Amino acid sequence: MTWLFAGLSEDALYTWESELSVWVFLLSLAILALELLRYLGMKRCGWPLIGDALANFVSLGFYLTLGYLLYGALYLSAYVFFHQFALFDISLSWATVFICVLLADLAYYWEHRCLHRVGVAWATHTVHHSSPHFNLSVAYRFGPMDDFWPFFFHLPLVLVGFNPFVVFFAEVFVQLYQTFLHTEVIGKLPRPVEAVFNTPSHHRVHHGSNPQYRDKNYGGILIIWDRLFGTYAEERETVVYGITEPLNSVNPLKVFFHGLTRLWPAMRDSSGMKNTLAVLLRPPDWQPVVVRASVAHQEERSR
Amino acid sequence: MKAFKNSLSGGLGVSLCLVLGLGFLASRIPVLEAQSLDEDGEAASLSQGSQSANTSLAQASSTSTHLVVEVMGVEDRPGTVIFLVFDEQSAYDDMDVERAVGFLELEASAGSLQASFPYLVDGPYAVVFFHDEDGDQDLNMLAGFPLEGYGTSGARDAYHEPGFDEAAVGVGLNRIQMHYLR
Ligand SMILES: [Zn+2]
């Protein structure tokens, strides 16, 4: 067990992280190929599915470009800067990395919940959810500000005293774990696993637009956060994937920017500063009282 | 448990306590110093390893009357390791090569590397070095981060930039860690 407590260097951790990312990517491509074969057998492997998968990888390209140009260096330098105000002095070993991953998973829970319940954050996360399909390629479907929000939620870990590189590693690790959740191939795992860990089943629920599945199962690696904080739902009814207002497009540009292009008219048409702010900060399904009333009226009439 | 299940502030409070509690726990975890960086299987007994390292350190510092620097953790990369030694604050602060009292460039080799300065016999000295992979005689940087390996005497970790007083070391053997961020 000494390896757990032996000193670990930042560059060793960096190497682990990059190797892991590459292997996860290659493995998910292999699994995706199997998934496509399966869909082919089920005669579900048409252009909608292929086009969507391609759009997903193009969005990954956009995301990585933005990350490289904009966020990457800024992110780490800001972490290094804030690290000098750290509360505790935490050394670097696999033991502390493990604790950091656990806390990064908790931070991710709150980040993810905020991505769904705050309008301006949803404008980027909606991209990930807008696919009507569910396969490994959806894991790589990213929005323009997906690299932006995690910063604020993981900063507390740096301030508590975790090494900035460890926090970064932990964030990436939580993300990588979730890659393999995006599949219909795996049904339910053994009960103890389903009780503690986020699984394909739990994550299918998260991607569901069925009313009872909406805004549920935010967890990254562990599902216990959802059970603890009251946002858990079990997969029972067949999941209908996607968002409530479907995108109906596999155009990568439309896919990548639709959150922002949908947010903009809502902001423009909102009357007064207070409502504009509310569009940005309130849950995405929020509408001003007046509009809500007329929508309800329409719904009543259409029934 | 029911109390905070549906309350946002309750959940956030619990989460904050977890972050602080586990953060504190992490800060109490001792780290075993990885003394034997040379990969010839000496890592077998960690405590013994550190003891022998200490004795050799003591021996070396009592025998040599000039500045000797041993760089730990040099990675297997091309290029040279360039050393600069300063004996005064302002030259060190400015990283002024012209006013460095010691300059040495050694072929890089994986593991540890010893630099000897026979003419530097009284301290204190601040030592900086970097792994010049591309041979441009300069430490390449990106957004404030060194892209090549680097190290400073008296630095606690990769992010610590010691002032001259903290960096100051005496004659004899000084072991200093090289850090690579990339
Ligand atoms: Zn989500």
# chains A, B, ... in the order shown; residues from 1 in each chain; ligands from 1
>>> interface_residues(of="chain A", to="chain B", cutoff="6 Å", atoms="only C-alpha atoms", output="MDAnalysis selection string")
chainID A and resid 5:7 11 89:90 96 229:230
>>> write_last_selection(atoms="all heavy atoms", output="mmCIF file, in the first residue's frame")
data_model
loop_
_atom_site.group_PDB
_atom_site.id
_atom_site.type_symbol
_atom_site.label_atom_id
_atom_site.label_comp_id
_atom_site.auth_asym_id
_atom_site.auth_seq_id
_atom_site.Cartn_x
_atom_site.Cartn_y
_atom_site.Cartn_z
ATOM 1 N N PHE A 5 0.747 6.268 -0.710
ATOM 2 C CA PHE A 5 1.188 7.422 0.061
ATOM 3 C C PHE A 5 2.529 7.979 -0.401
ATOM 4 O O PHE A 5 3.030 8.942 0.156
ATOM 5 C CB PHE A 5 1.260 7.057 1.550
ATOM 6 C CG PHE A 5 -0.062 6.633 2.103
ATOM 7 C CD1 PHE A 5 -0.370 5.300 2.266
ATOM 8 C CD2 PHE A 5 -1.023 7.584 2.424
ATOM 9 C CE1 PHE A 5 -1.610 4.907 2.751
ATOM 10 C CE2 PHE A 5 -2.267 7.204 2.905
ATOM 11 C CZ PHE A 5 -2.558 5.857 3.076
ATOM 12 N N ALA A 6 3.130 7.316 -1.386
ATOM 13 C CA ALA A 6 4.424 7.799 -1.877
ATOM 14 C C ALA A 6 4.236 9.120 -2.606
ATOM 15 O O ALA A 6 3.174 9.382 -3.169
ATOM 16 C CB ALA A 6 5.042 6.765 -2.809
ATOM 17 N N GLY A 7 5.266 9.953 -2.549
ATOM 18 C CA GLY A 7 5.193 11.247 -3.228
ATOM 19 C C GLY A 7 4.945 11.052 -4.716
ATOM 20 O O GLY A 7 5.465 10.132 -5.328
ATOM 21 N N ASP A 11 4.115 15.993 -13.080
ATOM 22 C CA ASP A 11 4.277 15.525 -14.456
ATOM 23 C C ASP A 11 3.862 14.063 -14.600
ATOM 24 O O ASP A 11 3.332 13.665 -15.629
ATOM 25 C CB ASP A 11 5.695 15.748 -14.993
ATOM 26 C CG ASP A 11 6.729 15.737 -13.919
ATOM 27 O OD1 ASP A 11 6.564 16.541 -12.982
ATOM 28 O OD2 ASP A 11 7.669 14.944 -13.987
ATOM 29 N N ASP A 89 -2.429 22.683 3.720
ATOM 30 C CA ASP A 89 -1.282 22.290 2.917
ATOM 31 C C ASP A 89 -1.430 20.801 2.603
ATOM 32 O O ASP A 89 -1.225 19.966 3.478
ATOM 33 C CB ASP A 89 -0.002 22.573 3.721
ATOM 34 C CG ASP A 89 1.230 22.322 2.879
ATOM 35 O OD1 ASP A 89 1.106 22.253 1.648
ATOM 36 O OD2 ASP A 89 2.318 22.192 3.470
ATOM 37 N N ILE A 90 -1.841 20.478 1.390
ATOM 38 C CA ILE A 90 -2.112 19.079 1.043
ATOM 39 C C ILE A 90 -1.033 18.572 0.099
ATOM 40 O O ILE A 90 -0.788 19.159 -0.953
ATOM 41 C CB ILE A 90 -3.503 18.936 0.382
ATOM 42 C CG1 ILE A 90 -4.580 19.444 1.352
ATOM 43 C CG2 ILE A 90 -3.769 17.491 -0.019
ATOM 44 C CD1 ILE A 90 -5.967 19.469 0.774
ATOM 45 N N THR A 96 -4.188 11.399 -1.728
ATOM 46 C CA THR A 96 -4.846 12.707 -1.769
ATOM 47 C C THR A 96 -5.535 12.919 -3.118
ATOM 48 O O THR A 96 -6.556 13.593 -3.192
ATOM 49 C CB THR A 96 -3.853 13.849 -1.485
ATOM 50 O OG1 THR A 96 -2.786 13.807 -2.437
ATOM 51 C CG2 THR A 96 -3.294 13.749 -0.086
ATOM 52 N N PHE A 229 -29.406 14.305 -2.229
ATOM 53 C CA PHE A 229 -29.914 15.660 -2.387
ATOM 54 C C PHE A 229 -31.244 15.721 -3.138
ATOM 55 O O PHE A 229 -31.668 16.786 -3.595
ATOM 56 C CB PHE A 229 -28.866 16.543 -3.094
ATOM 57 C CG PHE A 229 -27.546 16.578 -2.369
ATOM 58 C CD1 PHE A 229 -26.349 16.431 -3.057
ATOM 59 C CD2 PHE A 229 -27.493 16.757 -0.984
ATOM 60 C CE1 PHE A 229 -25.123 16.461 -2.386
ATOM 61 C CE2 PHE A 229 -26.279 16.786 -0.309
ATOM 62 C CZ PHE A 229 -25.094 16.633 -1.004
ATOM 63 N N GLY A 230 -31.911 14.552 -3.253
ATOM 64 C CA GLY A 230 -33.293 14.539 -3.741
ATOM 65 C C GLY A 230 -33.490 14.751 -5.230
ATOM 66 O O GLY A 230 -34.508 15.287 -5.643
#
>>> residues_near_ligand(ligand="ligand 1", cutoff="7 Å", atoms="only C-alpha atoms and all ligand atoms", output="ChimeraX atom specification")
/A:112,116,125,129,206-207,218
>>> write_last_selection(atoms="C-alpha atoms", output="tab-separated table (two decimals), in the first residue's frame")
chain	number	residue	atom	x	y	z
A	112	HIS	CA	-24.21	19.86	-13.41
A	116	HIS	CA	-29.56	22.48	-15.95
A	125	HIS	CA	-25.15	22.28	-21.73
A	129	HIS	CA	-28.55	16.96	-24.34
A	206	HIS	CA	-30.63	11.99	-17.11
A	207	HIS	CA	-30.84	12.33	-20.90
A	218	TYR	CA	-26.88	14.82	-12.11
>>> residues_around(residues="Arg117 of chain A", least_positions_apart="3", cutoff="10 Å", atoms="only C-alpha atoms", output="list in words")
Glu111, His112, Arg113, Cys114, Val120, Ala121, Trp122, Asp215, Leu281, Arg282, Pro283, Pro284, Asp285 and Trp286 of chain A
>>> write_last_selection(atoms="N, CA and C atoms", output="PDB file, in the first residue's frame")
ATOM      1  N   GLU A 111     -22.239  21.531 -10.109  1.00  0.00           N
ATOM      2  CA  GLU A 111     -22.020  22.205 -11.388  1.00  0.00           C
ATOM      3  C   GLU A 111     -23.092  21.755 -12.381  1.00  0.00           C
ATOM      4  N   HIS A 112     -23.299  20.441 -12.438  1.00  0.00           N
ATOM      5  CA  HIS A 112     -24.212  19.859 -13.410  1.00  0.00           C
ATOM      6  C   HIS A 112     -25.654  20.301 -13.124  1.00  0.00           C
ATOM      7  N   ARG A 113     -25.966  20.355 -11.825  1.00  0.00           N
ATOM      8  CA  ARG A 113     -27.309  20.790 -11.442  1.00  0.00           C
ATOM      9  C   ARG A 113     -27.523  22.232 -11.884  1.00  0.00           C
ATOM     10  N   CYS A 114     -26.489  23.046 -11.712  1.00  0.00           N
ATOM     11  CA  CYS A 114     -26.547  24.451 -12.118  1.00  0.00           C
ATOM     12  C   CYS A 114     -26.641  24.564 -13.638  1.00  0.00           C
ATOM     13  N   VAL A 120     -28.407  30.689 -18.452  1.00  0.00           N
ATOM     14  CA  VAL A 120     -27.219  30.978 -19.247  1.00  0.00           C
ATOM     15  C   VAL A 120     -26.267  29.770 -19.270  1.00  0.00           C
ATOM     16  N   ALA A 121     -26.281  28.967 -18.224  1.00  0.00           N
ATOM     17  CA  ALA A 121     -25.438  27.764 -18.198  1.00  0.00           C
ATOM     18  C   ALA A 121     -26.060  26.673 -19.069  1.00  0.00           C
ATOM     19  N   TRP A 122     -27.387  26.601 -19.039  1.00  0.00           N
ATOM     20  CA  TRP A 122     -28.089  25.627 -19.882  1.00  0.00           C
ATOM     21  C   TRP A 122     -27.832  25.914 -21.373  1.00  0.00           C
ATOM     22  N   ASP A 215     -34.384  16.755 -15.346  1.00  0.00           N
ATOM     23  CA  ASP A 215     -33.576  17.318 -14.252  1.00  0.00           C
ATOM     24  C   ASP A 215     -33.352  16.312 -13.126  1.00  0.00           C
ATOM     25  N   LEU A 281     -30.619  33.772 -15.308  1.00  0.00           N
ATOM     26  CA  LEU A 281     -30.326  33.088 -14.046  1.00  0.00           C
ATOM     27  C   LEU A 281     -31.357  32.038 -13.645  1.00  0.00           C
ATOM     28  N   ARG A 282     -32.598  32.215 -14.080  1.00  0.00           N
ATOM     29  CA  ARG A 282     -33.645  31.263 -13.699  1.00  0.00           C
ATOM     30  C   ARG A 282     -33.512  29.969 -14.495  1.00  0.00           C
ATOM     31  N   PRO A 283     -34.215  28.933 -14.069  1.00  0.00           N
ATOM     32  CA  PRO A 283     -34.209  27.691 -14.855  1.00  0.00           C
ATOM     33  C   PRO A 283     -34.675  27.943 -16.279  1.00  0.00           C
ATOM     34  N   PRO A 284     -34.171  27.154 -17.244  1.00  0.00           N
ATOM     35  CA  PRO A 284     -34.476  27.392 -18.655  1.00  0.00           C
ATOM     36  C   PRO A 284     -35.962  27.355 -18.987  1.00  0.00           C
ATOM     37  N   ASP A 285     -36.765  26.627 -18.180  1.00  0.00           N
ATOM     38  CA  ASP A 285     -38.197  26.569 -18.494  1.00  0.00           C
ATOM     39  C   ASP A 285     -38.957  27.747 -17.899  1.00  0.00           C
ATOM     40  N   TRP A 286     -38.225  28.659 -17.261  1.00  0.00           N
ATOM     41  CA  TRP A 286     -38.891  29.807 -16.649  1.00  0.00           C
ATOM     42  C   TRP A 286     -39.341  30.796 -17.708  1.00  0.00           C
TER      43      TRP A 286
END
>>> residues_around(residues="Val74 of chain B", least_positions_apart="4", cutoff="10 Å", atoms="only C-alpha atoms", output="PyMOL selection string")
chain B and resi 37-38+81+108-113+130-131+149-150+177-180
>>> residues_around(residues="Leu260 of chain A", least_positions_apart="4", cutoff="9 Å", atoms="only C-alpha atoms", output="list in words")
Val120, Ala123, Thr124, Pro144, Phe256 and Trp264 of chain A
>>> closest_residue(among="A:Tyr108, A:Phe180, A:Tyr63, A:Phe169", to="Leu27 of chain A", atoms="only C-alpha atoms")
A:Phe180
>>> residues_around(residues="Pro118 of chain B", least_positions_apart="4", cutoff="9 Å", atoms="only C-alpha atoms", output="list of chain:residue names")
B:Thr65, B:His66, B:Leu67, B:Val68
>>> residues_around(residues="Pro265 of chain A", least_positions_apart="5", cutoff="12 Å", atoms="only C-alpha atoms", output="PyMOL selection string")
chain A and resi 258-260+270-271+276+279-280
>>> write_last_selection(atoms="C-alpha atoms", output="PDB file, in the first residue's frame")
ATOM      1  CA  HIS A 258     -28.326  26.525 -30.644  1.00  0.00           C
ATOM      2  CA  GLY A 259     -28.263  27.214 -26.902  1.00  0.00           C
ATOM      3  CA  LEU A 260     -26.968  30.712 -27.453  1.00  0.00           C
ATOM      4  CA  SER A 270     -37.861  40.148 -22.127  1.00  0.00           C
ATOM      5  CA  SER A 271     -39.207  43.409 -20.778  1.00  0.00           C
ATOM      6  CA  THR A 276     -33.575  39.816 -18.703  1.00  0.00           C
ATOM      7  CA  VAL A 279     -33.832  34.688 -18.332  1.00  0.00           C
ATOM      8  CA  LEU A 280     -30.114  34.347 -17.608  1.00  0.00           C
TER       9      LEU A 280
END
